[in-house]
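Visitor: Mind having a look at this structure? Questions to follow.
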Amino acid sequence: MASEEERAIEAILMVAEDPIEPGLLAQLLEVSVERVEAMCTALAESYEADDRGFALVRVAGGYRFQSHPDLSPYVERFVLEGQNARMSSAALETLAIVAYKQPVSRAQVSAIRGVNVDGVMRTLQVRGYIEEVARDPGPGQAVLYGTTRMFLEKLGLDTLDDLPPLGDFVPGPDVVEALEQGLRPDA
Amino acid sequence: MASEEERAIEAILMVAEDPIEPGLLAQLLEVSVERVEAMCTALAESYEADDRGFALVRVAGGYRFQSHPDLSPYVERFVLEGQNARMSSAALETLAIVAYKQPVSRAQVSAIRGVNVDGVMRTLQVRGYIEEVARDPGPGQAVLYGTTRMFLEKLGLDTLDDLPPLGDFVPGPDVVEALEQGLRPDA
Amino acid sequence: MAGILDPMAYDVATPVFEGPFDLLLHLITREQVDLYEISISRIIDAYLAELDRMENLDLDVATEFLLIASTLIELKTRRLLPGRDDVDLDEELALWEERDVLLARLLECKTFKDAADVLSRLAAAADRSVPRRTGLEERFLSLTPDLLAGVTPARLKDAFIRAVTPKPPARVLLDHVAPIRISVQDAVEELIDELPRVGVITFRHLTQELVERLEVIVRFLAVLELFKEGLVDLDQDGNFADLTVTWLGDKAVTLESLSVEEYQG
């Protein structure tokens, strides 16, 4: 029978996007780091014993779930067949907004494009084209995004100043409004 | 003992970012969709039986891992960004009309609610719960709206058919009588 | 709770209503506790009070409010005037039809309100779980195709300009909403100019040049405003007789001195 703490570790690691340090788990669960480590080890062993297709591993100073190495061929197929390989125009527009308006929050990009951009932004981030560069100092402390070094390399640019100038182009009033007000927490 | 296919499903879902349709899993594993569904059901049941802190669920037409609702107090502590922002009752009522009446125009929604819904509809669209699905073929070619996959995810539903039937909400005779009474000229 | 008995309590107790149906539903279902005591007069009072509170008279909302108010007021008139031998049958049927339409719209509105409650519960239950969206482990990233292949700086610029160029505004169909050409404030202004000069006039004369039914309603609301302010007296000699409006106030009442100034907008 799994303990409440073990179940909480499973729940947290299941939704975490990066490896979670045992210290943070200890704090969230209000138990000692030693106990967190013992529970994580026990969980990892139970998945192994149950022959699960995933594993709980310690990596980069923290714990995370990942696919079991045995199943790599399936995961590779999923990567190759399950995603479309072209940059969609939605993705390109989103990337362009981040490039020209950085640092910019997801809510601002969303307001400019008039659609939810969470999925697209996540993809761009996983691809290494954009990254978190700061936090908005205002209420909500929205994450602000910018483009990466890799983005510049792929486009053959030296610095952001080498992006083609926009010239006399003036964005519509809704865009200006979105940029000015988009930092407010989502309605 | 878990089968290779079951383990492969676990591995793929572990790296997926959105619910994965059974059809895609069937293709990757070279088994029938029925078999995929049976295996996913078996996996979900085994996590429940093992009292795991996560669950495998069917939502928005696919399968995904998520944290077990029991552990929400821990997960909430961990998830910093308020991604679960509550919707206003205006937003919910508008969403309910779009969900049940789709495809539906803004003017139609507005007529049912008796107020202008432009702002609310825009917010719902930016948050990804509704989208343009068609144009009214009649004069004016009004944009028609419908709900999105994200709407299903937000509500934890597999398909729109899982919405409770609208008939369940038609006011009972007592309410009808009260309204009728309230508007009777010769009372 | 004095709410049920005290019509003024609506002013304190009612939250901000989103629209005329919202308010009407609230008023009627609230009175449901006392089914046989439902009074259209009190509903109308609350309704007018709500109109009064609307600082910036949003045209769409105001139109809906007024259309419903007009139906309510007509219904009230019928209640006040029990003798109905000389009633025009067509008019009577039209009123019933209007009432049924209003009733149907209220029921529809209530239906979706209740559906929204259930959606809210579903969303709350779903919110207790958080989906895994971690994505690929690093070792698989090299397999993913380079999405930026073939994307030039010039294409990026074009994409940006495309993204921030204002989209053509969605057309709002207003066919179903009659345009409102006059506000209550304007109507009050006209009345405090006209009434001191004529002294006594029937409502029929006061509105004879108005074409739109809605304009008549606005006038009627303006007269009610002045009645509330004690500036006019209203008289009706008998069933279906003309409503007589008698000016009681000063010759030189200005709009600013009236509380209706909050109608500005």
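Identifiers in this document derive from the order of the structure tokens: chains are assigned A, B, ..., residues are numbered from 1 separately in each chain, and ligands are numbered from 1 in order of occurrence.
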Identify all residues of region 84-183 of chain B in alpha helix (DSSP H) (DSSP on the backbone) and supply them as a tab-separated table (two decimals) with all heavy atoms, in the first residue's frame.
Guide:
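And here's states-v7.tsv as it stands now:
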chain	number	residue	atom	x	y	z
B	89	SER	N	-18.75	33.55	-14.14
B	89	SER	CA	-20.01	32.92	-14.50
B	89	SER	C	-20.44	33.39	-15.89
B	89	SER	O	-21.08	32.64	-16.63
B	89	SER	CB	-21.09	33.21	-13.46
B	89	SER	OG	-21.42	34.56	-13.46
B	90	ALA	N	-20.09	34.61	-16.25
B	90	ALA	CA	-20.41	35.08	-17.61
B	90	ALA	C	-19.70	34.21	-18.64
B	90	ALA	O	-20.29	33.79	-19.64
B	90	ALA	CB	-19.98	36.53	-17.77
B	91	ALA	N	-18.43	33.90	-18.37
B	91	ALA	CA	-17.66	33.08	-19.30
B	91	ALA	C	-18.25	31.68	-19.38
B	91	ALA	O	-18.39	31.11	-20.46
B	91	ALA	CB	-16.20	33.03	-18.87
B	92	LEU	N	-18.63	31.13	-18.23
B	92	LEU	CA	-19.18	29.79	-18.20
B	92	LEU	C	-20.51	29.69	-18.94
B	92	LEU	O	-20.75	28.74	-19.67
B	92	LEU	CB	-19.37	29.33	-16.75
B	92	LEU	CG	-18.13	28.72	-16.11
B	92	LEU	CD1	-18.30	28.66	-14.61
B	92	LEU	CD2	-17.89	27.32	-16.67
B	93	GLU	N	-21.38	30.69	-18.73
B	93	GLU	CA	-22.68	30.65	-19.41
B	93	GLU	C	-22.51	30.76	-20.92
B	93	GLU	O	-23.17	30.06	-21.68
B	93	GLU	CB	-23.57	31.79	-18.92
B	93	GLU	CG	-24.19	31.48	-17.56
B	93	GLU	CD	-24.98	32.65	-17.04
B	93	GLU	OE1	-25.70	33.28	-17.84
B	93	GLU	OE2	-24.85	32.95	-15.85
B	94	THR	N	-21.59	31.63	-21.31
B	94	THR	CA	-21.33	31.79	-22.75
B	94	THR	C	-20.76	30.49	-23.32
B	94	THR	O	-21.18	30.02	-24.37
B	94	THR	CB	-20.33	32.95	-22.96
B	94	THR	OG1	-20.84	34.11	-22.32
B	94	THR	CG2	-20.11	33.22	-24.44
B	95	LEU	N	-19.85	29.90	-22.58
B	95	LEU	CA	-19.24	28.65	-23.00
B	95	LEU	C	-20.29	27.54	-23.11
B	95	LEU	O	-20.26	26.73	-24.04
B	95	LEU	CB	-18.15	28.27	-21.99
B	95	LEU	CG	-17.09	27.27	-22.40
B	95	LEU	CD1	-16.46	27.64	-23.72
B	95	LEU	CD2	-16.03	27.18	-21.31
B	96	ALA	N	-21.21	27.52	-22.16
B	96	ALA	CA	-22.26	26.50	-22.18
B	96	ALA	C	-23.12	26.64	-23.44
B	96	ALA	O	-23.46	25.65	-24.08
B	96	ALA	CB	-23.15	26.62	-20.93
B	97	ILE	N	-23.44	27.88	-23.80
B	97	ILE	CA	-24.25	28.10	-25.00
B	97	ILE	C	-23.50	27.64	-26.24
B	97	ILE	O	-24.04	26.95	-27.10
B	97	ILE	CB	-24.68	29.58	-25.11
B	97	ILE	CG1	-25.61	29.93	-23.95
B	97	ILE	CG2	-25.38	29.84	-26.45
B	97	ILE	CD1	-25.88	31.41	-23.80
B	98	VAL	N	-22.21	28.01	-26.33
B	98	VAL	CA	-21.41	27.61	-27.50
B	98	VAL	C	-21.31	26.08	-27.54
B	98	VAL	O	-21.46	25.46	-28.60
B	98	VAL	CB	-20.00	28.24	-27.47
B	98	VAL	CG1	-19.16	27.71	-28.63
B	98	VAL	CG2	-20.09	29.75	-27.54
B	99	ALA	N	-21.10	25.47	-26.38
B	99	ALA	CA	-20.92	24.02	-26.34
B	99	ALA	C	-22.16	23.29	-26.85
B	99	ALA	O	-22.05	22.35	-27.63
B	99	ALA	CB	-20.58	23.57	-24.92
B	100	TYR	N	-23.33	23.74	-26.41
B	100	TYR	CA	-24.54	23.02	-26.77
B	100	TYR	C	-25.13	23.43	-28.11
B	100	TYR	O	-25.88	22.68	-28.72
B	100	TYR	CB	-25.61	23.19	-25.68
B	100	TYR	CG	-25.36	22.33	-24.47
B	100	TYR	CD1	-24.81	22.87	-23.32
B	100	TYR	CD2	-25.65	20.97	-24.49
B	100	TYR	CE1	-24.56	22.08	-22.21
B	100	TYR	CE2	-25.42	20.18	-23.40
B	100	TYR	CZ	-24.87	20.74	-22.25
B	100	TYR	OH	-24.63	19.96	-21.16
B	101	LYS	N	-24.84	24.66	-28.55
B	101	LYS	CA	-25.48	25.18	-29.76
B	101	LYS	C	-24.54	25.19	-30.97
B	101	LYS	O	-24.91	25.70	-32.01
B	101	LYS	CB	-25.96	26.61	-29.50
B	101	LYS	CG	-27.11	26.70	-28.52
B	101	LYS	CD	-28.42	26.66	-29.26
B	101	LYS	CE	-29.58	26.82	-28.30
B	101	LYS	NZ	-30.86	26.71	-28.98
B	106	ARG	N	-21.90	34.77	-32.82
B	106	ARG	CA	-21.89	35.65	-31.65
B	106	ARG	C	-23.25	36.28	-31.42
B	106	ARG	O	-23.69	36.40	-30.28
B	106	ARG	CB	-20.86	36.77	-31.87
B	106	ARG	CG	-19.55	36.50	-31.20
B	106	ARG	CD	-18.83	37.78	-30.92
B	106	ARG	NE	-18.47	38.44	-32.16
B	106	ARG	CZ	-17.24	38.82	-32.47
B	106	ARG	NH1	-16.26	38.60	-31.62
B	106	ARG	NH2	-16.99	39.43	-33.59
B	107	ALA	N	-23.91	36.67	-32.52
B	107	ALA	CA	-25.23	37.31	-32.38
B	107	ALA	C	-26.23	36.36	-31.74
B	107	ALA	O	-27.05	36.76	-30.91
B	107	ALA	CB	-25.72	37.77	-33.74
B	108	GLN	N	-26.13	35.07	-32.09
B	108	GLN	CA	-27.05	34.10	-31.49
B	108	GLN	C	-26.80	33.93	-30.00
B	108	GLN	O	-27.72	33.85	-29.20
B	108	GLN	CB	-26.91	32.74	-32.20
B	108	GLN	CG	-27.52	32.73	-33.60
B	108	GLN	CD	-27.14	31.46	-34.36
B	108	GLN	OE1	-25.96	31.09	-34.45
B	108	GLN	NE2	-28.13	30.80	-34.92
B	109	VAL	N	-25.53	33.85	-29.64
B	109	VAL	CA	-25.19	33.72	-28.22
B	109	VAL	C	-25.67	34.95	-27.47
B	109	VAL	O	-26.25	34.87	-26.38
B	109	VAL	CB	-23.66	33.54	-28.03
B	109	VAL	CG1	-23.32	33.45	-26.55
B	109	VAL	CG2	-23.17	32.30	-28.76
B	110	SER	N	-25.43	36.09	-28.09
B	110	SER	CA	-25.83	37.37	-27.51
B	110	SER	C	-27.34	37.41	-27.28
B	110	SER	O	-27.81	37.87	-26.24
B	110	SER	CB	-25.40	38.47	-28.47
B	110	SER	OG	-25.43	39.70	-27.85
B	111	ALA	N	-28.08	36.90	-28.25
B	111	ALA	CA	-29.54	36.94	-28.13
B	111	ALA	C	-30.01	36.06	-26.98
B	111	ALA	O	-30.95	36.41	-26.27
B	111	ALA	CB	-30.18	36.47	-29.44
B	112	ILE	N	-29.36	34.93	-26.77
B	112	ILE	CA	-29.77	34.04	-25.68
B	112	ILE	C	-29.43	34.66	-24.33
B	112	ILE	O	-30.23	34.65	-23.41
B	112	ILE	CB	-29.10	32.65	-25.82
B	112	ILE	CG1	-29.64	31.93	-27.04
B	112	ILE	CG2	-29.34	31.82	-24.56
B	112	ILE	CD1	-28.96	30.61	-27.34
B	113	ARG	N	-28.23	35.25	-24.23
B	113	ARG	CA	-27.85	35.80	-22.94
B	113	ARG	C	-28.46	37.17	-22.69
B	113	ARG	O	-28.46	37.65	-21.56
B	113	ARG	CB	-26.32	35.87	-22.82
B	113	ARG	CG	-25.68	34.47	-22.87
B	113	ARG	CD	-24.37	34.45	-22.14
B	113	ARG	NE	-24.51	34.96	-20.80
B	113	ARG	CZ	-23.74	35.87	-20.27
B	113	ARG	NH1	-22.76	36.39	-20.94
B	113	ARG	NH2	-23.95	36.28	-19.04
B	118	ASP	N	-19.35	40.06	-27.03
B	118	ASP	CA	-18.11	40.17	-27.81
B	118	ASP	C	-16.86	39.99	-26.96
B	118	ASP	O	-15.96	39.23	-27.31
B	118	ASP	CB	-18.05	41.53	-28.52
B	118	ASP	CG	-19.08	41.62	-29.63
B	118	ASP	OD1	-19.84	40.64	-29.80
B	118	ASP	OD2	-19.13	42.67	-30.30
B	119	GLY	N	-16.81	40.69	-25.83
B	119	GLY	CA	-15.62	40.63	-24.98
B	119	GLY	C	-15.39	39.24	-24.42
B	119	GLY	O	-14.28	38.70	-24.48
B	120	VAL	N	-16.46	38.64	-23.90
B	120	VAL	CA	-16.34	37.30	-23.31
B	120	VAL	C	-15.92	36.28	-24.37
B	120	VAL	O	-15.05	35.44	-24.14
B	120	VAL	CB	-17.69	36.86	-22.68
B	120	VAL	CG1	-17.56	35.48	-22.06
B	120	VAL	CG2	-18.12	37.85	-21.62
B	121	MET	N	-16.52	36.37	-25.55
B	121	MET	CA	-16.20	35.42	-26.62
B	121	MET	C	-14.72	35.55	-27.00
B	121	MET	O	-14.04	34.56	-27.26
B	121	MET	CB	-17.07	35.68	-27.85
B	121	MET	CG	-18.54	35.40	-27.66
B	121	MET	SD	-18.98	33.64	-27.78
B	121	MET	CE	-19.05	33.41	-29.54
B	122	ARG	N	-14.23	36.78	-27.03
B	122	ARG	CA	-12.84	36.99	-27.40
B	122	ARG	C	-11.91	36.37	-26.35
B	122	ARG	O	-10.93	35.72	-26.68
B	122	ARG	CB	-12.57	38.49	-27.55
B	122	ARG	CG	-11.31	38.75	-28.32
B	122	ARG	CD	-11.05	40.22	-28.55
B	122	ARG	NE	-9.63	40.50	-28.37
B	122	ARG	CZ	-8.68	40.08	-29.20
B	122	ARG	NH1	-8.99	39.38	-30.26
B	122	ARG	NH2	-7.41	40.33	-28.95
B	123	THR	N	-12.26	36.58	-25.09
B	123	THR	CA	-11.45	36.00	-24.02
B	123	THR	C	-11.44	34.47	-24.13
B	123	THR	O	-10.39	33.84	-24.02
B	123	THR	CB	-12.01	36.41	-22.64
B	123	THR	OG1	-12.03	37.84	-22.58
B	123	THR	CG2	-11.14	35.86	-21.51
B	124	LEU	N	-12.61	33.89	-24.36
B	124	LEU	CA	-12.69	32.43	-24.47
B	124	LEU	C	-11.86	31.93	-25.64
B	124	LEU	O	-11.24	30.87	-25.58
B	124	LEU	CB	-14.15	31.98	-24.64
B	124	LEU	CG	-15.06	32.15	-23.43
B	124	LEU	CD1	-16.50	31.82	-23.79
B	124	LEU	CD2	-14.59	31.26	-22.29
B	125	GLN	N	-11.83	32.75	-26.72
B	125	GLN	CA	-11.07	32.35	-27.89
B	125	GLN	C	-9.56	32.44	-27.61
B	125	GLN	O	-8.81	31.53	-27.96
B	125	GLN	CB	-11.46	33.25	-29.07
B	125	GLN	CG	-11.05	32.68	-30.41
B	125	GLN	CD	-11.52	33.54	-31.57
B	125	GLN	OE1	-12.15	34.58	-31.37
B	125	GLN	NE2	-11.20	33.13	-32.77
B	126	VAL	N	-9.16	33.54	-26.98
B	126	VAL	CA	-7.74	33.71	-26.66
B	126	VAL	C	-7.27	32.60	-25.71
B	126	VAL	O	-6.15	32.11	-25.82
B	126	VAL	CB	-7.49	35.11	-26.03
B	126	VAL	CG1	-6.11	35.18	-25.42
B	126	VAL	CG2	-7.64	36.19	-27.10
B	149	ARG	N	-10.64	21.24	-28.57
B	149	ARG	CA	-10.08	20.13	-27.81
B	149	ARG	C	-9.70	20.56	-26.40
B	149	ARG	O	-9.88	19.82	-25.44
B	149	ARG	CB	-8.79	19.74	-28.53
B	149	ARG	CG	-8.65	18.31	-28.89
B	149	ARG	CD	-7.37	18.20	-29.68
B	149	ARG	NE	-6.38	17.55	-28.82
B	149	ARG	CZ	-6.00	16.31	-29.00
B	149	ARG	NH1	-6.47	15.61	-30.00
B	149	ARG	NH2	-5.14	15.76	-28.19
B	150	MET	N	-9.18	21.78	-26.32
B	150	MET	CA	-8.78	22.25	-25.00
B	150	MET	C	-9.98	22.41	-24.07
B	150	MET	O	-9.87	22.20	-22.87
B	150	MET	CB	-8.03	23.57	-25.12
B	150	MET	CG	-7.31	23.92	-23.83
B	150	MET	SD	-6.54	25.51	-23.86
B	150	MET	CE	-5.20	25.20	-24.96
B	151	PHE	N	-11.13	22.75	-24.65
B	151	PHE	CA	-12.36	22.83	-23.86
B	151	PHE	C	-12.66	21.45	-23.25
B	151	PHE	O	-12.97	21.33	-22.07
B	151	PHE	CB	-13.52	23.28	-24.76
B	151	PHE	CG	-14.89	23.03	-24.19
B	151	PHE	CD1	-15.43	23.88	-23.24
B	151	PHE	CD2	-15.63	21.93	-24.61
B	151	PHE	CE1	-16.69	23.64	-22.71
B	151	PHE	CE2	-16.90	21.69	-24.08
B	151	PHE	CZ	-17.42	22.54	-23.14
B	152	LEU	N	-12.54	20.42	-24.07
B	152	LEU	CA	-12.78	19.06	-23.57
B	152	LEU	C	-11.79	18.73	-22.45
B	152	LEU	O	-12.15	18.16	-21.43
B	152	LEU	CB	-12.65	18.04	-24.71
B	152	LEU	CG	-13.73	18.08	-25.78
B	152	LEU	CD1	-13.40	17.10	-26.90
B	152	LEU	CD2	-15.09	17.75	-25.18
B	153	GLU	N	-10.53	19.10	-22.67
B	153	GLU	CA	-9.52	18.84	-21.64
B	153	GLU	C	-9.84	19.58	-20.36
B	153	GLU	O	-9.69	19.06	-19.25
B	153	GLU	CB	-8.13	19.26	-22.14
B	153	GLU	CG	-7.52	18.29	-23.13
B	153	GLU	CD	-6.02	18.55	-23.31
B	153	GLU	OE1	-5.31	18.63	-22.29
B	153	GLU	OE2	-5.59	18.70	-24.46
B	154	LYS	N	-10.27	20.84	-20.53
B	154	LYS	CA	-10.58	21.68	-19.37
B	154	LYS	C	-11.69	21.04	-18.54
B	154	LYS	O	-11.70	21.14	-17.31
B	154	LYS	CB	-11.01	23.06	-19.86
B	154	LYS	CG	-11.51	24.02	-18.79
B	154	LYS	CD	-10.37	24.66	-18.06
B	154	LYS	CE	-10.86	25.55	-16.93
B	154	LYS	NZ	-9.78	25.87	-15.99
B	155	LEU	N	-12.63	20.39	-19.23
B	155	LEU	CA	-13.74	19.78	-18.51
B	155	LEU	C	-13.52	18.30	-18.22
B	155	LEU	O	-14.35	17.66	-17.60
B	155	LEU	CB	-15.04	19.94	-19.32
B	155	LEU	CG	-15.89	21.13	-18.91
B	155	LEU	CD1	-15.16	22.44	-19.15
B	155	LEU	CD2	-17.22	21.13	-19.62
B	173	PRO	N	-41.30	22.23	-13.75
B	173	PRO	CA	-42.60	22.91	-13.78
B	173	PRO	C	-42.74	24.00	-12.73
B	173	PRO	O	-43.43	24.99	-12.95
B	173	PRO	CB	-43.61	21.77	-13.55
B	173	PRO	CG	-42.82	20.56	-13.20
B	173	PRO	CD	-41.41	20.78	-13.63
B	174	ASP	N	-42.06	23.84	-11.59
B	174	ASP	CA	-42.20	24.86	-10.54
B	174	ASP	C	-41.63	26.19	-11.00
B	174	ASP	O	-42.21	27.25	-10.78
B	174	ASP	CB	-41.52	24.41	-9.24
B	174	ASP	CG	-40.11	23.92	-9.48
B	174	ASP	OD1	-39.81	23.47	-10.62
B	174	ASP	OD2	-39.29	23.99	-8.56
B	175	VAL	N	-40.48	26.11	-11.68
B	175	VAL	CA	-39.85	27.33	-12.15
B	175	VAL	C	-40.68	27.95	-13.28
B	175	VAL	O	-40.93	29.15	-13.30
B	175	VAL	CB	-38.41	27.07	-12.65
B	175	VAL	CG1	-37.82	28.35	-13.24
B	175	VAL	CG2	-37.55	26.55	-11.52
B	176	VAL	N	-41.13	27.06	-14.18
B	176	VAL	CA	-41.95	27.56	-15.28
B	176	VAL	C	-43.19	28.26	-14.72
B	176	VAL	O	-43.56	29.35	-15.15
B	176	VAL	CB	-42.36	26.41	-16.23
B	176	VAL	CG1	-43.29	26.94	-17.32
B	176	VAL	CG2	-41.14	25.76	-16.84
B	177	GLU	N	-43.78	27.63	-13.70
B	177	GLU	CA	-44.97	28.21	-13.13
B	177	GLU	C	-44.67	29.56	-12.48
B	177	GLU	O	-45.43	30.53	-12.62
B	177	GLU	CB	-45.59	27.26	-12.09
B	177	GLU	CG	-46.99	27.67	-11.73
B	177	GLU	CD	-47.55	26.84	-10.58
B	177	GLU	OE1	-46.96	25.78	-10.26
B	177	GLU	OE2	-48.54	27.27	-10.00
B	178	ALA	N	-43.55	29.63	-11.79
B	178	ALA	CA	-43.17	30.88	-11.14
B	178	ALA	C	-42.97	31.98	-12.17
B	178	ALA	O	-43.43	33.11	-11.99
B	178	ALA	CB	-41.90	30.69	-10.33
B	179	LEU	N	-42.29	31.63	-13.26
B	179	LEU	CA	-42.06	32.63	-14.30
B	179	LEU	C	-43.38	33.04	-14.94
B	179	LEU	O	-43.65	34.21	-15.16
B	179	LEU	CB	-41.12	32.06	-15.37
B	179	LEU	CG	-39.67	31.85	-14.94
B	179	LEU	CD1	-38.90	31.11	-16.02
B	179	LEU	CD2	-39.00	33.17	-14.63
B	180	GLU	N	-44.20	32.03	-15.20
B	180	GLU	CA	-45.48	32.29	-15.85
B	180	GLU	C	-46.34	33.19	-14.95
B	180	GLU	O	-46.90	34.17	-15.38
B	180	GLU	CB	-46.18	30.94	-16.10
B	180	GLU	CG	-47.16	30.95	-17.23
B	180	GLU	CD	-48.54	31.36	-16.77
B	180	GLU	OE1	-48.82	31.25	-15.57
B	180	GLU	OE2	-49.31	31.82	-17.63
B	181	GLN	N	-46.34	32.84	-13.68
B	181	GLN	CA	-47.10	33.59	-12.68
B	181	GLN	C	-46.61	35.04	-12.62
B	181	GLN	O	-47.37	35.98	-12.55
B	181	GLN	CB	-46.90	32.92	-11.32
B	181	GLN	CG	-47.84	33.38	-10.25
B	181	GLN	CD	-49.16	32.62	-10.32
B	181	GLN	OE1	-49.18	31.47	-10.73
B	181	GLN	NE2	-50.22	33.27	-9.94
B	182	GLY	N	-45.28	35.16	-12.65
B	182	GLY	CA	-44.69	36.49	-12.54
B	182	GLY	C	-45.04	37.38	-13.70
B	182	GLY	O	-45.01	38.59	-13.59
Visitor: Can you check the Cα RMSD once chain B has been least-squares fitted onto chain A over every paired atom, in order?
Guide: 15.6 Å
Visitor: For Glu21 (chain B), list every protein, DNA or RNA residue within 7 Å, evaluated using only C-alpha atoms, and leave out those in the same chain fewer than 4 positions away; present the list as a list in words.
Guide: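 Contacts, with the query itself left out: Leu25, Gly61, Gly62 and Tyr63 of chain B.
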Visitor: For Leu71 (chain A), list every protein, DNA or RNA residue within 12 Å, evaluated using only C-alpha atoms, and leave out those in the same chain fewer than 6 positions away; present the list as a list in words.
Guide: Asp51, Arg52, Gly53, Phe54, Ala55, Arg77 and Phe78 of chain A; Ser3, Glu4, Glu5, Glu6, Arg7, Ala8, Ile9, Glu10, Ala11, Ile12, Leu13, Met14, Val15, Leu28 and Leu29 of chain B
Visitor: Mind listing the strand (DSSP E) residues of region 4-170 of chain A, per DSSP on the backbone, as a CSV table (one decimal) with N, CA, C and O atoms, in the first residue's frame?
Guide:
chain,number,residue,atom,x,y,z
A,54,PHE,N,8.0,2.8,-17.9
A,54,PHE,CA,8.7,4.1,-17.6
A,54,PHE,C,9.5,3.8,-16.4
A,54,PHE,O,9.4,2.8,-15.7
A,55,ALA,N,10.4,4.8,-16.1
A,55,ALA,CA,11.3,4.7,-14.9
A,55,ALA,C,11.4,6.0,-14.2
A,55,ALA,O,11.1,7.0,-14.7
A,56,LEU,N,11.6,5.9,-12.9
A,56,LEU,CA,11.9,7.1,-12.1
A,56,LEU,C,13.4,7.1,-11.9
A,56,LEU,O,14.0,6.2,-11.3
A,57,VAL,N,14.0,8.2,-12.4
A,57,VAL,CA,15.5,8.2,-12.4
A,57,VAL,C,15.9,9.5,-11.8
A,57,VAL,O,15.2,10.5,-11.6
A,58,ARG,N,17.2,9.5,-11.3
A,58,ARG,CA,17.8,10.6,-10.7
A,58,ARG,C,18.7,11.2,-11.8
A,58,ARG,O,19.6,10.6,-12.3
A,59,VAL,N,18.4,12.5,-12.2
A,59,VAL,CA,19.2,13.1,-13.3
A,59,VAL,C,19.3,14.6,-13.0
A,59,VAL,O,18.4,15.2,-12.4
A,62,GLY,N,18.1,15.9,-9.7
A,62,GLY,CA,16.7,15.8,-9.3
A,62,GLY,C,16.1,14.5,-9.8
A,62,GLY,O,16.8,13.6,-10.4
A,63,TYR,N,14.8,14.3,-9.5
A,63,TYR,CA,14.1,13.1,-9.9
A,63,TYR,C,13.2,13.4,-11.0
A,63,TYR,O,12.6,14.5,-11.0
A,64,ARG,N,13.0,12.5,-11.9
A,64,ARG,CA,12.0,12.6,-12.9
A,64,ARG,C,11.5,11.3,-13.5
A,64,ARG,O,12.2,10.3,-13.4
A,65,PHE,N,10.3,11.3,-14.1
A,65,PHE,CA,9.8,10.1,-14.8
A,65,PHE,C,10.4,10.2,-16.2
A,65,PHE,O,10.4,11.3,-16.8
A,66,GLN,N,10.8,9.1,-16.8
A,66,GLN,CA,11.1,9.1,-18.2
A,66,GLN,C,10.7,7.8,-18.8
A,66,GLN,O,10.4,6.8,-18.1
A,67,SER,N,10.7,7.7,-20.1
A,67,SER,CA,10.4,6.4,-20.8
A,67,SER,C,11.5,5.4,-20.5
A,67,SER,O,12.7,5.8,-20.4
A,104,VAL,N,8.8,39.0,-23.9
A,104,VAL,CA,7.3,39.1,-24.1
A,104,VAL,C,6.7,37.9,-23.4
A,104,VAL,O,7.3,36.8,-23.3
A,105,SER,N,5.5,38.1,-22.8
A,105,SER,CA,4.9,37.0,-22.1
A,105,SER,C,4.0,36.2,-23.0
A,105,SER,O,3.6,36.7,-24.0
A,130,ILE,N,13.2,29.3,-28.4
A,130,ILE,CA,12.9,30.4,-27.5
A,130,ILE,C,13.2,29.9,-26.1
A,130,ILE,O,13.2,28.7,-25.9
A,131,GLU,N,13.3,30.8,-25.1
A,131,GLU,CA,13.6,30.4,-23.8
A,131,GLU,C,13.1,31.5,-22.8
A,131,GLU,O,12.8,32.6,-23.2
A,132,GLU,N,12.9,31.1,-21.5
A,132,GLU,CA,12.6,32.1,-20.5
A,132,GLU,C,13.8,33.0,-20.3
A,132,GLU,O,14.9,32.5,-20.1
A,133,VAL,N,13.5,34.3,-20.4
A,133,VAL,CA,14.6,35.2,-20.2
A,133,VAL,C,14.4,36.0,-18.9
A,133,VAL,O,15.4,36.6,-18.4
A,134,ALA,N,13.2,36.2,-18.4
A,134,ALA,CA,13.0,37.0,-17.2
A,134,ALA,C,11.6,36.8,-16.7
A,134,ALA,O,10.8,36.0,-17.2
A,135,ARG,N,11.3,37.4,-15.6
A,135,ARG,CA,9.9,37.4,-15.0
A,135,ARG,C,9.4,38.9,-15.0
A,135,ARG,O,10.2,39.8,-14.7
A,143,VAL,N,6.1,34.8,-16.8
A,143,VAL,CA,7.4,34.4,-17.5
A,143,VAL,C,7.5,35.2,-18.8
A,143,VAL,O,6.6,35.3,-19.5
A,144,LEU,N,8.7,35.8,-19.0
A,144,LEU,CA,8.9,36.5,-20.2
A,144,LEU,C,9.9,35.7,-21.1
A,144,LEU,O,10.8,35.1,-20.6
A,145,TYR,N,9.6,35.7,-22.4
A,145,TYR,CA,10.3,34.8,-23.3
A,145,TYR,C,11.2,35.7,-24.3
A,145,TYR,O,10.8,36.8,-24.6
A,146,GLY,N,12.3,35.1,-24.7
A,146,GLY,CA,13.1,35.7,-25.8
A,146,GLY,C,13.6,34.5,-26.7
A,146,GLY,O,13.4,33.4,-26.4
A,147,THR,N,14.3,34.9,-27.7
A,147,THR,CA,14.9,33.9,-28.6
A,147,THR,C,16.2,33.5,-28.1
A,147,THR,O,16.9,34.2,-27.3
Visitor: Between CA of Thr244 (chain C) and CA of Arg204 (chain C), what is the spacing in Å?
Guide: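 Between CA of Arg204 (chain C) and CA of Thr244 (chain C) the gap is 8.5 Å.
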